[in-house]
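Single-structure report; data block below.
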Amino acid sequence: MSQSRVAPKRRLLTSALLLAFASPVLAQDAAGDQAGASEPQATDLDTITVTGIRSSLQSSMNLKRDATGVVDGIVSEDIGKFPDTNLAESLQRISGVSIDRDNGEGSKVTVRGIGPDFNLVLLNGRQMPTVTGGRAFDFGNLASEAVSAVEVYKTSRADAPAGGLGATINIKTARPLDNPGTRASVGMKGVWDTSDDDLPKHLRGDTVTPELSGIFSTTSADGRFGVAVSASYQERESGSASASVPGGWRSFIDTPRADGEGSGSNLPLPGAPGSENVVNRPGPNDVYALPQNLQYTINRFQRQRTNGQVTLQWAPTDDLTTTLDYTYAQNKVQAQSNNMSVWQNYTPDATSWTDAPGSSPLTYHESYPWVTDFANGASDTANRFKSDSLGLNVEWAVRDNFDLALDYHHSKATSSPDSPYGNNNVLAAAGFFRTGNSMDFSGKFPILNIEFADGLTQPDPSKMMIAGSIFDANYQRAEVDQLQASGEFRFENYSKLNFGLATTDYKNHSYGSHVQLDTWGGATNAGDYPDEVWPLYNLGNFFKSFSGHNDPNFTDGIFMYDFATLHQLATQAWVNAGRGVAADYLPAWDTSFAGTQVPGSVEPTRTNYDSRVREKSKSLYLQWSNTFDWGLPVDIAAGVRWEKTEVEATAQQPAPAGIRWISENEFVVAYSGSEFRTLGGKYDYFLPNLDMAVELNDSMKLRASYGETIGRPQWGDMNPAARVADQARFDFGSGGAGDPALKPLESRNIDLSFEWYYSDASYLSVGYFHKKIDNFIATQTTTQSPYPGLHTPAGGAYWNAAISGGCAATNRVCIRDYIFANFDGQPGVDAASGTISGLDSDPVLQVKMSVPVNNRSDSLDGWEFNIQHMFGESGFGLAANYTMVDSGLTYDVASLDTQFAMTGLSDTANFVAFYDKGPWQVRAAYNWRDKFLAGLGTTPTYVEAYGQVDMNVSYQVTDNLTLSLEGINLTDSYFRSRGRNSHQLHNITQLGPRYMFGLRYKF
């Protein structure tokens, strides 16, 4: 066989090591064949065995250096050994990548300020379904042991699937023919999570939980057939303690009333009675906010994660390689929580305030002339996440200069309740012995002081009872069928033409039900519950990381009752009281009631939902690349991708039966069952890209890129179900709906960078990026008629007759009385019940609908600085990066107007120091993210700056056996979010360090 036929095959076998930028469609192609910048060359790197920190960083550097456009990545240090157990925690070491954490563990990634829902994650070049409620991929569901590399493409390419507005992230798993021979590795770890150490002994999980993993890869003697099998199982027991204002902060503007009788706020005017108790009062027209509640929550979590993959490869000839792989992932999470809270009436009698703008109380006091509730809650939930993917890839070298590839996969993911109580619930308890409370928000941690009635100094278990309850069962299922075909034609002048087409069918289905029993004042009696079921604990013992946890003014009593025990007692008490049957406390997904409610009993409200969105896309791409000698070597790649998408969305909505006018201002929408509403949309885009790289010398490179990308609308924004409020006023109703005709966000991107590879495995780079983003989705209110058959009596025949009879059009009392006096007994009029119903001849109800629309544009700019340095042969090295991001749209804390601002933008920094020589490997990593705006609403949500230190130490006992010790969050860092100022607390959560000790044996 000629050399031209051999070299591509050899490059195929070493692509996992070289990690040149690869086409997602040809995810298993030779790295050099996909580089797209210059004619690939076989080099001495073909024989490198990637092991250790230094080799991993060198391979990551080669990926960056050899790629077309701006690409970063992380490479496995050895078979079965990725740098971090969690993929997201590894990705955060890359410049511009920051992560969201769930229970202290990395889950989703933000790239260059673009949130998780707009970054596309691929598995071996294939689009994966997500069941996170949006399009964000949860890296916490996927173990890292079978991962050989993760590539982050920050600039667009024509051959990359559309949808990665911020970045496209490709997770690559082990392929047996990439590593000929037989290889195997097994690992065992014990995990000690200190986050639940402060819990009472009977509430703690196991002190140490196991993690087991193994990977086996082998090829036949002739290298034609290969098998790779990997599996992992991990358990984790953890906890958290948080203080929050989950009811939110209600915002006011202190505007004096026109009649001079007071203020349009809940604070007394200066000089009025009570004004002497307002310290540093917000000024006229200042925006300020009052808290709805204050809550302390103690959580316990258990997680069992199972992953597995089987890969079969067969190369019957040197020109043909087939790959069949199956990937399975399951993540089961159970959570139990107890909380204590106090709810406010927005009637403070003593306050002190932060300075404007966006004032909030430093201290806040309310007292009541009556007794109100001391509220506790308990929750017991479980979720099961499952995904599997079956894929087939065929690569065919048709001729020396012409390759074809075909890739198909069917992948699905589900999220479902894994408990008889559903995946979201609360069983509320109340004791009515609170007469007032004060809250101190002056420090990081809020201090609550409760005033009790009847001489009590702490909560009284004999006065506690179960109150209201909520049970939710939420299901989500997503499926992707994707077929991708691609080819490459290499010309004699070393230029290349890549082309391809693809079709993707994405089905997203979410459904479930919500059951709520609104007996918040008490469902039964305190005497129905023995005192011993209300064990009293002190909250301060769970918040030892925070100053103020032992403040003598902190009323920290909490009843940490068992959810199942109290659920059973409450159900029986409800039945014994003759108020109904046990079905009142049935989980949400039981759609039948097992008996009849007695007259006058309170029935739970049940709401079901069902939303289905199908997104079908077709795409074509063409990309040409070549290398020129214009005094300096210049690599150019230019391409275009055409993407066409059709969307069909169907959703369940209540079926309106009519409108009843029951009092002067109450027009009630009556429903009868439900119906499905179907809407659709479509769009198509041409997405060009141009990449240039100039080699200034053997070690320096300049890059410039231009590309256009899209980020698809979220599933919830495309839900067409019309939700209209039950109260529909005489002039307009109010409601909301999604719109599947939304356009995707479209970004025009410019990237410039300079890279200096000044030494072996050492480099320095500086990059600038600019994104101009159109079609941002925001909520807009429009007047429409979502229910064409829903008629209102306002403005109808009877209404107009009353006006003709002498009633003023604004005098609804007169109009009602006239209709009852003159039309009682006629269709729609019942004076005895006081109702007037809309007739078919009456006007159709006009509704002010809040709907998502494409109506904003914005730009963001940023700088990325990277350095990676090896200190000769000493074994010491470091890697550091800093990313700055800025946007033109910011939030004005002094305004209550509807605002639009870019969320998720923050500076990030990472520093990794390591030692890798002889049997020792030591790595210490610091990750930092600056404050950022996380959400909009009546009050903004800012997440405060966060940093943590992780460390890993391993010792190679023999050539095969390695011992390791890891520490996560060694600084015991905590998360804190707040509103318009640093004292307007939203949430503060204490976690804790996590330690892992283990061994790994390589065969």
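In the structure tokens, chains take letters A, B, ... by order of appearance, with residues numbered from 1 within each chain and ligands from 1 in the order shown.
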Practice prompt. Name the residues in contact with Phe911 (chain A) at a cut-off of 10 Å, using only C-alpha atoms, excluding same-chain residues fewer than 3 positions from it; report them as a PyMOL selection string.
Written response: chain A and resi 93+867-868+878-882+924-928+949
Please produce a file of those selected residues containing C-alpha atoms, as a compact mmCIF listing (two decimals), in the first residue's frame.
# COMPACT_ATOMS: atom_id res chain seq x y z
CA ARG A 93 -9.76 24.95 34.50
CA ILE A 867 0.06 30.70 30.62
CA GLN A 868 1.35 27.17 31.01
CA LEU A 878 1.90 25.74 36.60
CA ALA A 879 -1.07 26.63 34.46
CA ALA A 880 -3.01 29.84 34.97
CA ASN A 881 -5.63 31.81 33.11
CA TYR A 882 -7.78 34.89 33.55
CA ALA A 924 -3.34 22.03 43.64
CA ALA A 925 -5.99 24.08 41.82
CA TYR A 926 -7.70 27.34 42.71
CA ASN A 927 -10.82 28.31 40.79
CA TRP A 928 -12.44 31.74 41.14
CA VAL A 949 -9.14 25.14 46.39
Worksheet item: DSSP on the backbone: what in region 312-425 of chain A comes out strand (DSSP E), as JSON, numbers by chain?
Response: {"A": [312, 313, 314, 315, 316, 317, 320, 321, 322, 323, 324, 325, 326, 327, 328, 329, 330, 331, 332, 333, 334, 335, 336, 337, 338, 339, 340, 341, 342, 343, 350, 351, 352, 353, 361, 362, 363, 364, 365, 366, 367, 368, 369, 370, 371, 372, 373, 374, 375, 376, 377, 378, 379, 380, 381, 382, 383, 384, 385, 386, 387, 388, 389, 390, 391, 392, 393, 394, 395, 396, 397, 398, 399, 402, 403, 404, 405, 406, 407, 408, 409, 410, 411, 412, 413, 414, 415, 416, 417, 424, 425]}
Worksheet item: Pick from A:Arg300, A:Arg816, A:His983, A:Arg1000: nearest to Phe542 (chain A), with only C-alpha atoms counted?
Response: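 For Phe542 (chain A), the nearest of the candidates is A:Arg300.
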Find the residues around Ala289 (chain A) up to 6 Å (only C-alpha atoms counted), leave out those fewer than 2 positions away in its own chain, and share them as a compact mmCIF listing (two decimals) with C-alpha atoms, in the first residue's frame.
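Result went into part.txt, see below:
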# COMPACT_ATOMS: atom_id res chain seq x y z
CA TRP A 249 -38.24 40.83 48.35
CA ARG A 250 -41.20 43.03 47.50
CA SER A 251 -40.03 46.29 45.97
CA PHE A 252 -41.57 49.70 46.60
CA SER A 360 -33.21 47.13 52.13
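Residues within 12 Å of Asn553 (chain A), counting only C-alpha atoms and excluding same-chain residues fewer than 6 positions away, are A:Asn437, A:Ser438, A:Met439, A:Asp440, A:Pro446, A:Ile447, A:Leu448, A:Asn449, A:Ile450, A:Glu451, A:Thr457, A:Gly540.
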Response to the item:
Atom pair CA of Ala88 (chain A) + CA of Gly140 (chain A), distance 7.5 Å
Worksheet item: Which residues come within 9 Å of Asn425 (chain A), counting only C-alpha atoms, excluding same-chain residues fewer than 4 positions away, as a ChimeraX atom specification?
Response: /A:378-381,421,469-473,587
Worksheet item: Given the choices A:Thr209, A:Ser217, A:Ser672, A:Gly190, which gets closest to Asp178 (chain A) if the distance is worked out from only C-alpha atoms?
Response: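 That would be A:Ser217, the residue with the smallest distance to Asp178 (chain A).
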Item to complete: Go through A:Phe139, A:Phe118, A:Thr779, A:His514 and flag the residue nearest Pro744 (chain A), using only C-alpha atoms for the distances.
Response: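 With only C-alpha atoms as the atom set, the closest residue is A:Phe118.
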Write out as a PDB file with C-alpha atoms, in the first residue's frame which residues come within 7 Å of Thr709 (chain A) when counting only C-alpha atoms, dropping same-chain ones fewer than 3 positions away.
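Contents of around.pdb, as written:
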ATOM      1  CA  SER A 156     -17.611  28.182  14.944  1.00  0.00           C
ATOM      2  CA  ALA A 162     -25.641  24.326  15.182  1.00  0.00           C
ATOM      3  CA  GLY A 164     -23.562  26.236  20.479  1.00  0.00           C
ATOM      4  CA  LEU A 165     -23.916  29.987  20.833  1.00  0.00           C
ATOM      5  CA  LEU A 687     -23.884  30.397   8.969  1.00  0.00           C
ATOM      6  CA  GLU A 746     -28.029  34.662  16.470  1.00  0.00           C
ATOM      7  CA  SER A 747     -24.458  35.701  17.183  1.00  0.00           C
ATOM      8  CA  ARG A 748     -21.807  37.224  14.932  1.00  0.00           C
TER       9      ARG A 748
END
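The gap separating CA of Thr347 (chain A) from CA of Pro270 (chain A) is 16.1 Å, in Å to one decimal.
Comparing A:Gly658, A:Gly283, A:Gly904, A:Gly377 by their smallest distance to Leu936 (chain A), the closest is A:Gly904 (using only C-alpha atoms).
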Item to complete: Identify which of the residues A:Ile773, A:Val613, A:Ala453, A:Val208 lies closest to Met718 (chain A), counting only C-alpha atoms when measuring atom-to-atom distances.
Response: A:Val613
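For Asp774 (chain A), the non-local neighbours within 12 Å, defined as residues at least 4 positions apart in the same chain or in other chains and counting only C-alpha atoms, are Leu165, Glu708, Thr709, Ile710, Gly711, Lys743, Pro744, Leu745, Glu746, Ser747, Arg748, Asn749, Ala778, Val853, Asn854, Asn855, Arg856, Ser857, Asp858, Ser859 and Leu860 of chain A.
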Worksheet item: Suppose you want the space between CA of Phe754 (chain A) and CA of Gly767 (chain A); what is it in Å?
Response: 6.3 Å
Discussion item. Measuring between only C-alpha atoms, which one of A:Arg126, A:Lys917, A:Arg477, A:Arg281 shows the shortest distance to Ser55 (chain A)?
Written reply: A:Lys917
